[in-house]
>>> print(open('target14.txt').read())   # compact mmCIF, C-alpha atoms
# COMPACT_ATOMS: atom_id res chain seq x y z
CA MET S 1 128.81 -14.98 143.75
CA ALA S 2 127.90 -11.76 141.88
CA GLY S 3 131.40 -10.40 142.40
CA ARG S 4 133.03 -13.28 140.50
CA GLN S 5 130.90 -12.91 137.36
CA ARG S 6 131.70 -10.70 134.38
CA HIS S 7 129.33 -7.82 133.72
CA ARG S 8 129.00 -5.27 130.97
CA LEU S 9 128.47 -2.00 132.81
CA LEU S 10 128.53 -0.39 136.25
CA LEU S 11 127.01 3.05 136.75
CA GLU S 12 128.31 4.30 140.09
CA ASN S 13 127.28 6.97 142.59
CA ALA S 14 124.41 8.60 140.68
CA GLU S 15 123.03 11.67 142.43
CA GLN S 16 119.58 10.46 141.36
CA LEU S 17 118.66 7.12 139.79
CA VAL S 18 115.08 7.32 138.49
CA LEU S 19 113.54 3.86 138.54
CA VAL S 20 110.08 5.01 137.35
CA CYS S 21 108.68 1.68 138.60
CA GLY S 22 109.83 -0.55 141.42
CA ARG S 23 107.33 -3.40 141.53
CA ARG S 24 107.16 -4.52 137.88
CA GLU S 25 104.09 -2.40 137.20
CA PRO S 26 103.12 -2.70 133.50
CA TYR S 27 101.95 0.94 133.49
CA LEU S 28 101.37 3.87 135.83
CA ARG S 29 98.07 5.68 136.12
CA ARG S 30 97.88 9.15 137.70
CA ASP S 31 98.43 8.16 141.34
CA GLY S 32 101.28 5.79 140.48
CA ALA S 33 103.05 8.45 138.43
CA ALA S 34 102.85 10.89 141.35
CA GLY S 35 105.33 8.77 143.29
CA LEU S 36 108.05 7.84 140.80
CA GLY S 37 110.76 5.75 142.39
CA VAL S 38 113.99 7.77 142.78
CA LEU S 39 117.12 6.50 144.54
CA ARG S 40 119.91 8.81 145.70
CA ALA S 41 123.62 7.94 145.87
CA ALA S 42 122.78 4.87 143.80
CA SER S 43 124.42 2.45 141.39
CA LEU S 44 123.24 0.07 138.67
CA VAL S 45 124.70 -3.04 137.03
CA VAL S 46 124.02 -4.36 133.50
CA GLY S 47 125.02 -7.91 132.63
CA LEU S 48 126.61 -9.31 129.47
CA ASP S 49 123.11 -10.22 128.23
CA GLY S 50 122.19 -6.51 128.20
CA CYS S 51 119.76 -6.81 131.12
CA ILE S 52 119.83 -5.03 134.47
CA LYS S 53 121.27 -7.24 137.23
CA ALA S 54 121.20 -4.94 140.24
CA VAL S 55 119.92 -1.51 141.28
CA GLY S 56 120.50 -0.03 144.72
CA GLN S 57 122.47 2.14 147.07
CA ALA S 58 126.05 2.65 145.93
CA ASP S 59 127.67 1.15 149.03
CA VAL S 60 125.50 -1.99 148.82
CA ILE S 61 126.28 -2.51 145.11
CA ARG S 62 129.99 -1.87 145.75
CA ASN S 63 130.06 -4.61 148.38
CA GLN S 64 128.10 -7.02 146.21
CA PHE S 65 130.13 -6.65 142.99
CA SER S 66 133.87 -6.59 142.39
CA GLU S 67 135.03 -3.76 140.09
CA ALA S 68 137.30 -6.15 138.23
CA THR S 69 134.27 -7.88 136.70
CA PHE S 70 133.05 -4.89 134.65
CA GLU S 71 133.78 -4.14 131.00
CA ARG S 72 133.05 -0.47 131.70
CA ILE S 73 132.50 1.69 134.76
CA ILE S 74 131.00 5.19 134.56
CA ASP S 75 131.20 7.52 137.53
CA CYS S 76 127.82 9.26 137.73
CA SER S 77 128.66 11.56 140.64
CA GLY S 78 126.55 14.71 140.40
CA LYS S 79 124.53 13.20 137.53
CA CYS S 80 121.15 11.53 137.03
CA VAL S 81 120.37 8.14 135.49
CA LEU S 82 116.96 7.61 133.85
CA PRO S 83 115.36 4.92 131.69
CA GLY S 84 115.81 5.37 127.96
CA LEU S 85 112.87 7.32 126.55
CA VAL S 86 110.20 5.57 124.49
CA ASP S 87 108.63 7.37 121.52
CA ALA S 88 105.23 5.73 121.05
CA HIS S 89 104.22 7.30 117.69
CA THR S 90 106.38 8.23 114.68
CA HIS S 91 106.22 8.29 110.87
CA PRO S 92 109.97 8.32 110.13
CA VAL S 93 110.25 6.63 106.70
CA TRP S 94 109.55 9.02 103.84
CA ALA S 95 111.00 11.15 101.06
CA GLY S 96 110.23 14.79 100.29
CA ASP S 97 109.89 17.34 103.10
CA ARG S 98 106.86 19.63 103.44
CA VAL S 99 108.46 22.88 104.56
CA HIS S 100 106.36 24.72 101.95
CA GLU S 101 103.20 23.47 103.68
CA PHE S 102 104.39 24.87 106.99
CA ALA S 103 104.22 28.31 105.38
CA MET S 104 100.69 27.53 104.14
CA LYS S 105 99.59 26.51 107.64
CA LEU S 106 101.07 29.69 109.11
CA ALA S 107 98.99 31.61 106.56
CA GLY S 108 95.82 29.90 107.82
CA ALA S 109 95.33 26.74 105.72
CA SER S 110 93.97 23.80 107.71
CA TYR S 111 95.37 20.25 107.66
CA MET S 112 92.38 18.90 105.70
CA GLU S 113 92.42 21.85 103.23
CA ILE S 114 96.04 21.03 102.36
CA HIS S 115 95.22 17.29 102.24
CA GLN S 116 92.22 17.79 99.90
CA ALA S 117 94.32 20.00 97.59
CA GLY S 118 96.71 17.09 96.99
CA GLY S 119 99.24 18.08 99.62
CA GLY S 120 99.88 16.55 103.01
CA ILE S 121 100.07 12.78 103.01
CA HIS S 122 99.53 12.56 99.24
CA PHE S 123 102.53 14.82 98.56
CA THR S 124 104.74 12.57 100.68
CA VAL S 125 103.27 9.42 99.08
CA GLU S 126 104.26 10.66 95.62
CA HIS S 127 107.88 11.24 96.68
CA THR S 128 108.13 8.06 98.75
CA ARG S 129 106.90 5.91 95.89
CA LYS S 130 109.65 7.33 93.66
CA ALA S 131 112.45 6.87 96.21
CA THR S 132 114.61 3.75 96.24
CA GLU S 133 114.82 1.52 99.29
CA ASP S 134 118.43 2.60 99.85
CA GLU S 135 117.49 6.29 99.68
CA LEU S 136 114.72 5.76 102.23
CA PHE S 137 117.00 3.74 104.50
CA THR S 138 119.75 6.39 104.48
CA ALA S 139 117.32 9.13 105.50
CA PHE S 140 115.64 6.87 108.08
CA GLN S 141 119.00 5.92 109.60
CA GLN S 142 119.90 9.60 110.05
CA ARG S 143 116.53 10.36 111.68
CA LEU S 144 116.83 7.46 114.09
CA GLY S 145 120.31 8.70 115.00
CA ARG S 146 118.89 12.08 115.92
CA MET S 147 116.13 10.46 117.99
CA LEU S 148 118.73 8.38 119.81
CA ARG S 149 120.89 11.41 120.60
CA ALA S 150 117.77 13.07 122.05
CA GLY S 151 117.35 10.13 124.42
CA SER S 152 114.94 7.75 122.66
CA THR S 153 116.03 4.12 122.91
CA LEU S 154 112.76 2.52 121.72
CA VAL S 155 110.73 4.02 118.85
CA GLU S 156 107.47 3.01 117.20
CA CYS S 157 107.92 3.34 113.40
CA LYS S 158 105.04 3.38 110.92
CA SER S 159 104.73 2.77 107.23
CA GLY S 160 101.85 4.65 105.57
CA TYR S 161 103.36 6.78 102.80
CA GLY S 162 102.93 4.12 100.15
CA LEU S 163 99.21 3.33 100.17
CA ASN S 164 99.88 0.59 97.64
CA LEU S 165 101.26 -2.82 98.50
CA GLU S 166 104.60 -2.37 96.73
CA THR S 167 105.57 0.85 98.52
CA GLU S 168 104.17 -0.18 101.90
CA LEU S 169 106.33 -3.31 101.76
CA LYS S 170 109.32 -1.19 100.69
CA MET S 171 108.85 0.98 103.78
CA LEU S 172 108.43 -2.03 106.07
CA ARG S 173 111.62 -3.58 104.64
CA VAL S 174 113.45 -0.34 105.46
CA ILE S 175 112.14 -0.50 109.04
CA GLU S 176 113.13 -4.16 109.32
CA ARG S 177 116.61 -3.39 107.97
CA ALA S 178 117.08 -0.73 110.65
CA ARG S 179 115.77 -3.05 113.35
CA LYS S 180 118.42 -5.63 112.43
CA SER S 181 121.34 -3.25 111.87
CA MET S 182 120.94 -0.45 114.44
CA ASP S 183 121.12 -0.40 118.22
CA ILE S 184 117.91 1.57 118.78
CA GLY S 185 114.83 -0.51 119.59
CA ILE S 186 112.01 -0.49 117.01
CA SER S 187 108.33 -1.43 117.13
CA SER S 188 107.11 -1.75 113.53
CA THR S 189 103.62 -0.62 112.49
CA TYR S 190 101.77 -1.29 109.24
CA CYS S 191 99.81 1.89 108.44
CA GLY S 192 98.59 1.23 104.89
CA ALA S 193 95.28 2.88 105.85
CA HIS S 194 96.93 6.26 106.48
CA ALA S 195 94.90 7.85 103.67
CA VAL S 196 92.63 6.77 100.83
CA PRO S 197 94.79 6.34 97.70
CA LYS S 198 93.97 8.53 94.71
CA GLY S 199 91.62 6.73 92.33
CA LYS S 200 90.05 4.55 95.03
CA THR S 201 87.12 4.89 97.38
CA ALA S 202 87.56 4.18 101.08
CA THR S 203 85.64 0.91 100.62
CA GLU S 204 87.90 -0.16 97.75
CA ALA S 205 91.01 0.74 99.74
CA THR S 206 89.69 -1.21 102.74
CA ASP S 207 89.02 -4.28 100.57
CA ASP S 208 92.53 -4.06 99.06
CA ILE S 209 94.15 -3.92 102.50
CA ILE S 210 92.12 -6.86 103.85
CA ASN S 211 92.37 -9.06 100.74
CA ASN S 212 95.91 -8.26 99.55
CA HIS S 213 98.09 -6.31 102.01
CA LEU S 214 97.42 -8.22 105.22
CA PRO S 215 97.73 -11.74 103.74
CA LYS S 216 101.10 -10.71 102.25
CA LEU S 217 102.26 -9.36 105.63
CA LYS S 218 101.27 -12.65 107.26
CA GLU S 219 103.23 -14.58 104.62
CA LEU S 220 106.35 -12.41 105.05
CA LYS S 221 106.15 -12.65 108.84
CA LEU S 222 105.98 -16.46 108.68
CA SER S 223 109.01 -16.52 106.36
CA GLY S 224 110.94 -14.22 108.73
CA GLU S 225 111.46 -11.53 106.09
CA ILE S 226 109.45 -8.79 107.79
CA ASN S 227 108.28 -8.71 111.41
CA VAL S 228 105.44 -6.21 111.91
CA ASN S 229 104.09 -5.61 115.43
CA ASN S 230 101.11 -3.24 115.11
CA ILE S 231 98.31 -2.20 112.77
CA ASP S 232 97.19 1.42 112.38
CA VAL S 233 94.32 3.19 110.57
CA PHE S 234 93.60 6.91 110.27
CA CYS S 235 89.99 6.89 111.49
CA GLU S 236 88.81 10.32 110.40
CA LYS S 237 86.02 12.12 108.55
CA GLY S 238 86.88 12.09 104.84
CA VAL S 239 89.46 9.31 105.32
CA PHE S 240 88.43 5.95 106.87
CA ASP S 241 85.09 5.91 108.68
CA VAL S 242 84.38 3.84 111.78
CA GLU S 243 83.07 0.82 109.86
CA SER S 244 86.05 0.68 107.47
CA THR S 245 88.38 1.16 110.43
CA ARG S 246 86.70 -1.69 112.30
CA ARG S 247 87.07 -4.05 109.33
CA ILE S 248 90.79 -3.30 108.87
CA LEU S 249 91.66 -3.46 112.56
CA GLU S 250 89.81 -6.74 113.06
CA ALA S 251 91.55 -8.23 110.03
CA GLY S 252 94.92 -7.05 111.38
CA LYS S 253 94.20 -8.54 114.78
CA ASP S 254 93.34 -11.84 113.09
CA VAL S 255 96.86 -12.02 111.60
CA GLY S 256 98.46 -11.34 114.97
CA LEU S 257 98.98 -7.55 114.94
CA GLN S 258 98.39 -5.29 117.97
CA ILE S 259 95.75 -2.61 117.38
CA ASN S 260 97.33 0.83 117.74
CA PHE S 261 95.59 3.48 115.64
CA HIS S 262 94.86 7.18 114.97
CA GLY S 263 91.51 8.29 116.38
CA ASP S 264 89.36 11.31 117.24
CA GLU S 265 91.96 13.79 116.00
CA LEU S 266 90.12 16.35 113.87
CA HIS S 267 86.51 15.27 114.40
CA PRO S 268 84.72 13.24 117.09
CA MET S 269 84.46 9.78 115.49
CA LYS S 270 83.88 7.55 118.56
CA SER S 271 87.27 5.99 117.80
CA ALA S 272 88.01 5.60 121.51
CA GLU S 273 84.83 3.59 122.01
CA LEU S 274 85.71 1.43 119.00
CA GLY S 275 89.26 0.82 120.21
CA ALA S 276 88.08 -0.16 123.68
CA GLU S 277 85.57 -2.58 122.17
CA LEU S 278 88.19 -4.20 119.91
CA GLY S 279 90.83 -4.56 122.64
CA ALA S 280 93.17 -1.97 121.14
CA ARG S 281 96.54 -1.64 122.84
CA ALA S 282 96.60 2.11 122.17
CA ILE S 283 94.90 4.97 120.36
CA SER S 284 96.76 8.12 119.31
CA HIS S 285 95.77 11.79 119.05
CA LEU S 286 92.33 11.93 120.77
CA GLU S 287 92.00 15.72 120.58
CA GLU S 288 88.24 15.24 119.94
CA VAL S 289 87.62 12.22 122.18
CA SER S 290 84.24 11.99 123.93
CA ASP S 291 83.73 11.68 127.68
CA GLU S 292 82.31 8.21 127.09
CA GLY S 293 85.37 7.29 125.05
CA ILE S 294 87.68 8.32 127.90
CA VAL S 295 85.77 6.11 130.36
CA ALA S 296 85.79 3.21 127.90
CA MET S 297 89.57 3.47 127.38
CA ALA S 298 90.21 3.52 131.13
CA ARG S 299 88.12 0.38 131.64
CA ALA S 300 89.76 -1.42 128.73
CA LYS S 301 93.32 -0.47 129.83
CA CYS S 302 93.79 1.01 126.34
CA ALA S 303 96.64 3.54 126.34
CA ALA S 304 96.11 7.08 125.09
CA VAL S 305 99.16 8.15 123.07
CA LEU S 306 99.02 11.94 123.21
CA LEU S 307 100.98 14.02 120.70
CA PRO S 308 101.54 17.57 121.97
CA THR S 309 103.70 18.52 118.98
CA THR S 310 100.77 17.92 116.59
CA ALA S 311 98.30 20.02 118.54
CA TYR S 312 100.98 22.72 118.80
CA MET S 313 101.98 22.78 115.12
CA LEU S 314 98.45 22.39 113.69
CA ARG S 315 96.96 24.75 116.29
CA LEU S 316 94.47 22.10 117.32
CA LYS S 317 92.59 21.84 120.57
CA GLN S 318 94.88 20.27 123.16
CA PRO S 319 94.11 16.66 124.17
CA GLN S 320 92.36 16.42 127.53
CA ALA S 321 95.30 14.92 129.37
CA ARG S 322 94.12 15.98 132.83
CA LYS S 323 90.64 14.53 132.37
CA MET S 324 92.12 11.29 131.03
CA LEU S 325 94.48 11.01 133.98
CA GLU S 326 91.70 11.73 136.47
CA GLU S 327 89.49 9.06 134.86
CA GLY S 328 92.26 6.46 135.11
CA VAL S 329 93.42 6.32 131.48
CA ILE S 330 97.00 5.09 130.88
CA VAL S 331 98.55 8.18 129.25
CA ALA S 332 101.58 7.81 126.97
CA LEU S 333 103.44 10.31 124.79
CA GLY S 334 104.85 10.30 121.27
CA SER S 335 106.62 12.82 119.06
CA ASP S 336 104.47 12.13 115.97
CA PHE S 337 107.66 12.80 113.97
CA ASN S 338 106.62 13.16 110.30
CA PRO S 339 106.92 15.75 107.52
CA ASN S 340 103.99 17.61 109.09
CA ALA S 341 105.31 17.66 112.68
CA TYR S 342 109.10 17.71 112.48
CA CYS S 343 110.27 16.96 116.02
CA PHE S 344 112.77 14.26 117.06
CA SER S 345 112.96 15.17 120.74
CA MET S 346 110.98 13.42 123.46
CA PRO S 347 112.36 15.87 126.08
CA MET S 348 110.67 18.67 124.09
CA VAL S 349 107.51 16.57 123.81
CA MET S 350 107.46 16.15 127.60
CA HIS S 351 107.95 19.90 128.09
CA LEU S 352 105.01 20.68 125.76
CA ALA S 353 102.88 18.06 127.55
CA CYS S 354 103.55 19.82 130.85
CA VAL S 355 102.98 23.37 129.63
CA ASN S 356 100.14 22.90 127.12
CA MET S 357 98.39 19.79 128.45
CA LYS S 358 98.94 20.57 132.16
CA MET S 359 100.71 17.30 132.96
CA SER S 360 103.13 17.21 135.87
CA MET S 361 106.79 16.40 135.17
CA ASN S 362 106.37 13.03 136.92
CA GLU S 363 103.35 12.22 134.74
CA ALA S 364 105.21 13.27 131.59
CA LEU S 365 108.21 11.09 132.40
CA ALA S 366 106.00 8.08 133.15
CA ALA S 367 104.16 8.76 129.86
CA ALA S 368 107.46 8.82 127.92
CA THR S 369 108.85 5.67 129.55
CA ILE S 370 106.75 2.90 131.13
CA ASN S 371 103.41 3.96 129.62
CA ALA S 372 104.83 4.47 126.14
CA ALA S 373 106.42 1.02 126.44
CA TYR S 374 103.02 -0.37 127.52
CA ALA S 375 101.39 1.21 124.44
CA LEU S 376 103.80 -0.87 122.33
CA GLY S 377 103.37 -4.06 124.36
CA LYS S 378 106.94 -3.74 125.66
CA SER S 379 106.61 -2.68 129.30
CA ASP S 380 107.75 -6.10 130.49
CA THR S 381 111.23 -5.34 129.08
CA HIS S 382 111.41 -1.53 128.69
CA GLY S 383 110.40 1.71 130.37
CA SER S 384 111.84 1.41 133.89
CA LEU S 385 115.09 0.59 135.68
CA GLU S 386 114.31 -2.75 137.31
CA VAL S 387 116.23 -6.01 137.62
CA GLY S 388 115.59 -8.21 134.59
CA LYS S 389 114.66 -5.39 132.23
CA GLN S 390 116.76 -4.30 129.26
CA GLY S 391 119.62 -1.96 130.19
CA ASP S 392 118.47 1.08 128.18
CA LEU S 393 119.51 4.23 130.03
CA LEU S 394 120.26 7.93 129.88
CA ILE S 395 122.82 9.78 131.96
CA ILE S 396 122.24 13.51 132.18
CA ASN S 397 124.67 16.11 133.48
CA SER S 398 122.47 17.47 136.23
CA SER S 399 121.86 16.68 139.88
CA ARG S 400 118.07 16.73 139.28
CA TRP S 401 116.33 14.65 136.62
CA GLU S 402 113.66 17.31 136.01
CA HIS S 403 116.19 19.35 134.00
CA LEU S 404 115.51 16.96 131.10
CA ILE S 405 112.01 18.48 130.85
CA TYR S 406 112.63 21.94 132.32
CA GLN S 407 115.27 22.91 129.73
CA PHE S 408 113.17 23.36 126.59
CA GLY S 409 115.43 22.41 123.70
CA GLY S 410 118.38 21.92 126.06
CA HIS S 411 118.84 18.17 125.70
CA GLU S 412 121.81 18.45 123.32
CA ALA S 413 123.99 19.92 126.08
CA LEU S 414 122.36 17.92 128.86
CA ILE S 415 122.37 14.28 127.74
CA ASN S 416 125.80 12.87 128.54
CA TYR S 417 125.34 9.21 127.58
CA VAL S 418 122.72 7.11 125.79
CA ILE S 419 123.06 3.42 126.61
CA VAL S 420 121.29 0.46 124.95
CA LYS S 421 121.57 -3.04 126.43
CA GLY S 422 124.38 -1.80 128.65
CA LYS S 423 126.47 -0.51 125.71
CA VAL S 424 127.27 3.18 125.32
CA ILE S 425 125.75 4.08 121.96
CA TYR S 426 126.20 7.84 122.24
CA GLU S 427 128.63 9.80 124.38
CA ASN S 428 128.40 13.56 124.34
CA GLU S 429 131.94 14.73 125.08
CA ARG S 430 130.87 18.36 124.84
CA CYS S 431 128.22 17.91 127.51
CA GLU S 432 128.41 20.80 129.96
CA THR S 433 128.27 20.31 133.70
CA MET S 434 125.04 21.86 134.97
CA SER S 435 125.05 24.66 137.48
CA SER S 436 122.19 26.45 139.18
CA TYR S 437 122.02 29.24 136.60
>>> encode(input="target14.txt", output="structure tokens")
Amino acid sequence: MAGRQRHRLLLENAEQLVLVCGRREPYLRRDGAAGLGVLRAASLVVGLDGCIKAVGQADVIRNQFSEATFERIIDCSGKCVLPGLVDAHTHPVWAGDRVHEFAMKLAGASYMEIHQAGGGIHFTVEHTRKATEDELFTAFQQRLGRMLRAGSTLVECKSGYGLNLETELKMLRVIERARKSMDIGISSTYCGAHAVPKGKTATEATDDIINNHLPKLKELKLSGEINVNNIDVFCEKGVFDVESTRRILEAGKDVGLQINFHGDELHPMKSAELGAELGARAISHLEEVSDEGIVAMARAKCAAVLLPTTAYMLRLKQPQARKMLEEGVIVALGSDFNPNAYCFSMPMVMHLACVNMKMSMNEALAAATINAAYALGKSDTHGSLEVGKQGDLLIINSSRWEHLIYQFGGHEALINYVIVKGKVIYENERCETMSSY
């Protein structure tokens, strides 16, 4: 029967086909990640609906499906097929870069010193408020294209450089426009509590978000104009305290948003404990998380989205990835792409996670695929190569998948194809065939 149907794509004879999961697991903890599913001499079929129809040994797939039924066939001999990468934390909509602040940080200025001097988030807010929607969309489109070429097929995208209702909605419209017009998958996050706006106290900003921003988001979601998935707050000393964070997150949850917020980054705030209590889907950063917070997150199945680029660029203490994994926390990864941490590449993020946070390559790949998808509430459709899931894939020009992490900064010559819903979105014709040297 399968042989007589039309299908979108056949990937044939892959040296390695990395399933990540094989039993519809929604996430992988440490022990699960240790045994990632990898098939050899394998093939994969994507149907016209963009979903995976079959995964298995090449000879079995060849017998089951007639070649004449495929819109496209790619010979993957000597190559590896992996799930598309998932970037679980980005701030990609903004105007005005902060390269001058990078020089300040190199000279010793801390993140909060720059922030309190009117730089940091406030600098970007000023430029983003002035930018038109079209200007923001053009820059955002280019950034998403670079993420896609680095292997990301699903990206979490935050607002948060408006801090007033008008600009936050402008940013969310830009994200919605990209969601509808581009092939890359997007999970949209309202982050109006990214900083306290100038001229307001944290309490006043909290009241404004609860009484004005969130009701408007609910109205626009019901009308179909903007579809936001998550709510985020920067829970931090000198920004939003635990009580303000609780109020905003609870109000966001009441209008149907998943809780997915910044916590315990620069100071221990007991954000992890709060997130576990509120049923948060994920908490990001966690450089200063407490031991009790780690245990609470593991029990609550709340994902830890770790951001190795941020700790690296801000010279912060590294998140305790090993302790989290040993305690049973679901560990995910994100690039934290923003003007303060300018990195598009999840392969580089995985490399940093391995070197600086002592994760294994298996753990890093699980964190950048199935667990990152779980952090966004998308692991039922994304993050692994299983029948029924969306056909988002990478083909790399190497006989071992680990080269995607091992080659620091080498993804541009390594990634051969990026595929979304079974359609080739990016083909790297200059991709070099890997050798042993």
>>> atom_distance(input="target14.txt", atom1="atom CA of Val349 of chain S", atom2="atom CA of Glu412 of chain S")
14.4 Å
>>> residues_around(input="target14.txt", residues="Glu288 of chain S", least_positions_apart="2", cutoff="10 Å", atoms="only C-alpha atoms", output="ChimeraX atom specification")
/S:263-272,285-286,290-291,293,316-320
>>> closest_residue(input="target14.txt", among="S:Ile226, S:Leu136, S:Met147, S:Leu10", to="Val418 of chain S", atoms="only C-alpha atoms")
S:Met147
>>> residues_near_point(input="target14.txt", point="(109.5, 0.4, 118.3)", cutoff="12 Å", atoms="all atoms listed in the file", output="number ranges by chain")
S: 85-92, 144, 152-158, 175-176, 178-179, 183-189, 227-230, 334, 372-379, 382
>>> residues_around(input="target14.txt", residues="Cys76 of chain S", least_positions_apart="6", cutoff="7 Å", atoms="only C-alpha atoms", output="PyMOL selection string")
chain S and resi 11-14
>>> closest_residue(input="target14.txt", among="S:Thr245, S:Asn397, S:Ser223, S:Thr128", to="Asp207 of chain S", atoms="all atoms listed in the file")
S:Thr245
>>> residues_around(input="target14.txt", residues="Arg299 of chain S", least_positions_apart="2", cutoff="12 Å", atoms="only C-alpha atoms", output="PDB file with C-alpha atoms, in the frame of the given file")
ATOM      1  CA  ALA S 272      88.010   5.600 121.510  1.00  0.00           C
ATOM      2  CA  GLU S 273      84.830   3.590 122.010  1.00  0.00           C
ATOM      3  CA  GLY S 275      89.260   0.820 120.210  1.00  0.00           C
ATOM      4  CA  ALA S 276      88.080  -0.160 123.680  1.00  0.00           C
ATOM      5  CA  GLU S 277      85.570  -2.580 122.170  1.00  0.00           C
ATOM      6  CA  GLY S 279      90.830  -4.560 122.640  1.00  0.00           C
ATOM      7  CA  ALA S 280      93.170  -1.970 121.140  1.00  0.00           C
ATOM      8  CA  GLU S 292      82.310   8.210 127.090  1.00  0.00           C
ATOM      9  CA  GLY S 293      85.370   7.290 125.050  1.00  0.00           C
ATOM     10  CA  ILE S 294      87.680   8.320 127.900  1.00  0.00           C
ATOM     11  CA  VAL S 295      85.770   6.110 130.360  1.00  0.00           C
ATOM     12  CA  ALA S 296      85.790   3.210 127.900  1.00  0.00           C
ATOM     13  CA  MET S 297      89.570   3.470 127.380  1.00  0.00           C
ATOM     14  CA  LYS S 301      93.320  -0.470 129.830  1.00  0.00           C
ATOM     15  CA  CYS S 302      93.790   1.010 126.340  1.00  0.00           C
ATOM     16  CA  ALA S 303      96.640   3.540 126.340  1.00  0.00           C
ATOM     17  CA  MET S 324      92.120  11.290 131.030  1.00  0.00           C
ATOM     18  CA  GLU S 327      89.490   9.060 134.860  1.00  0.00           C
ATOM     19  CA  GLY S 328      92.260   6.460 135.110  1.00  0.00           C
ATOM     20  CA  VAL S 329      93.420   6.320 131.480  1.00  0.00           C
ATOM     21  CA  ILE S 330      97.000   5.090 130.880  1.00  0.00           C
TER      22      ILE S 330
END
>>> closest_residue(input="target14.txt", among="S:Val242, S:Ile370, S:Leu44, S:Ala311", to="Gln64 of chain S", atoms="all atoms listed in the file")
S:Leu44
>>> residues_near_point(input="target14.txt", point="(110.8, 21.0, 132.1)", cutoff="10 Å", atoms="only C-alpha atoms", output="PDB file with C-alpha atoms, in the coordinates of the input")
ATOM      1  CA  PRO S 347     112.360  15.870 126.080  1.00  0.00           C
ATOM      2  CA  MET S 348     110.670  18.670 124.090  1.00  0.00           C
ATOM      3  CA  VAL S 349     107.510  16.570 123.810  1.00  0.00           C
ATOM      4  CA  MET S 350     107.460  16.150 127.600  1.00  0.00           C
ATOM      5  CA  HIS S 351     107.950  19.900 128.090  1.00  0.00           C
ATOM      6  CA  LEU S 352     105.010  20.680 125.760  1.00  0.00           C
ATOM      7  CA  ALA S 353     102.880  18.060 127.550  1.00  0.00           C
ATOM      8  CA  CYS S 354     103.550  19.820 130.850  1.00  0.00           C
ATOM      9  CA  VAL S 355     102.980  23.370 129.630  1.00  0.00           C
ATOM     10  CA  SER S 360     103.130  17.210 135.870  1.00  0.00           C
ATOM     11  CA  MET S 361     106.790  16.400 135.170  1.00  0.00           C
ATOM     12  CA  ALA S 364     105.210  13.270 131.590  1.00  0.00           C
ATOM     13  CA  TRP S 401     116.330  14.650 136.620  1.00  0.00           C
ATOM     14  CA  GLU S 402     113.660  17.310 136.010  1.00  0.00           C
ATOM     15  CA  HIS S 403     116.190  19.350 134.000  1.00  0.00           C
ATOM     16  CA  LEU S 404     115.510  16.960 131.100  1.00  0.00           C
ATOM     17  CA  ILE S 405     112.010  18.480 130.850  1.00  0.00           C
ATOM     18  CA  TYR S 406     112.630  21.940 132.320  1.00  0.00           C
ATOM     19  CA  GLN S 407     115.270  22.910 129.730  1.00  0.00           C
ATOM     20  CA  PHE S 408     113.170  23.360 126.590  1.00  0.00           C
ATOM     21  CA  GLY S 409     115.430  22.410 123.700  1.00  0.00           C
ATOM     22  CA  GLY S 410     118.380  21.920 126.060  1.00  0.00           C
TER      23      GLY S 410
END
>>> build_atoms(input="target14.txt", residues="segment 399-405 of chain S", atoms="N, CA, C and O atoms", output="short mmCIF file (atom, residue, chain, number, x, y, z; two decimals), in the coordinates of the input")
data_model
loop_
_atom_site.label_atom_id
_atom_site.label_comp_id
_atom_site.auth_asym_id
_atom_site.auth_seq_id
_atom_site.Cartn_x
_atom_site.Cartn_y
_atom_site.Cartn_z
N SER S 399 122.12 17.36 138.61
CA SER S 399 121.86 16.68 139.88
C SER S 399 120.37 16.44 140.10
O SER S 399 119.98 15.77 141.06
N ARG S 400 119.51 16.97 139.20
CA ARG S 400 118.07 16.73 139.28
C ARG S 400 117.56 16.30 137.92
O ARG S 400 117.80 16.98 136.91
N TRP S 401 116.79 15.20 137.90
CA TRP S 401 116.33 14.65 136.62
C TRP S 401 115.37 15.58 135.90
O TRP S 401 115.27 15.55 134.66
N GLU S 402 114.66 16.44 136.63
CA GLU S 402 113.66 17.31 136.01
C GLU S 402 114.24 18.27 134.97
O GLU S 402 113.50 18.80 134.13
N HIS S 403 115.57 18.49 135.01
CA HIS S 403 116.19 19.35 134.00
C HIS S 403 115.95 18.82 132.58
O HIS S 403 115.94 19.61 131.63
N LEU S 404 115.74 17.52 132.43
CA LEU S 404 115.51 16.96 131.10
C LEU S 404 114.23 17.52 130.49
O LEU S 404 114.12 17.65 129.26
N ILE S 405 113.27 17.89 131.32
CA ILE S 405 112.01 18.48 130.85
C ILE S 405 112.05 20.00 130.95
O ILE S 405 111.62 20.71 130.03
#
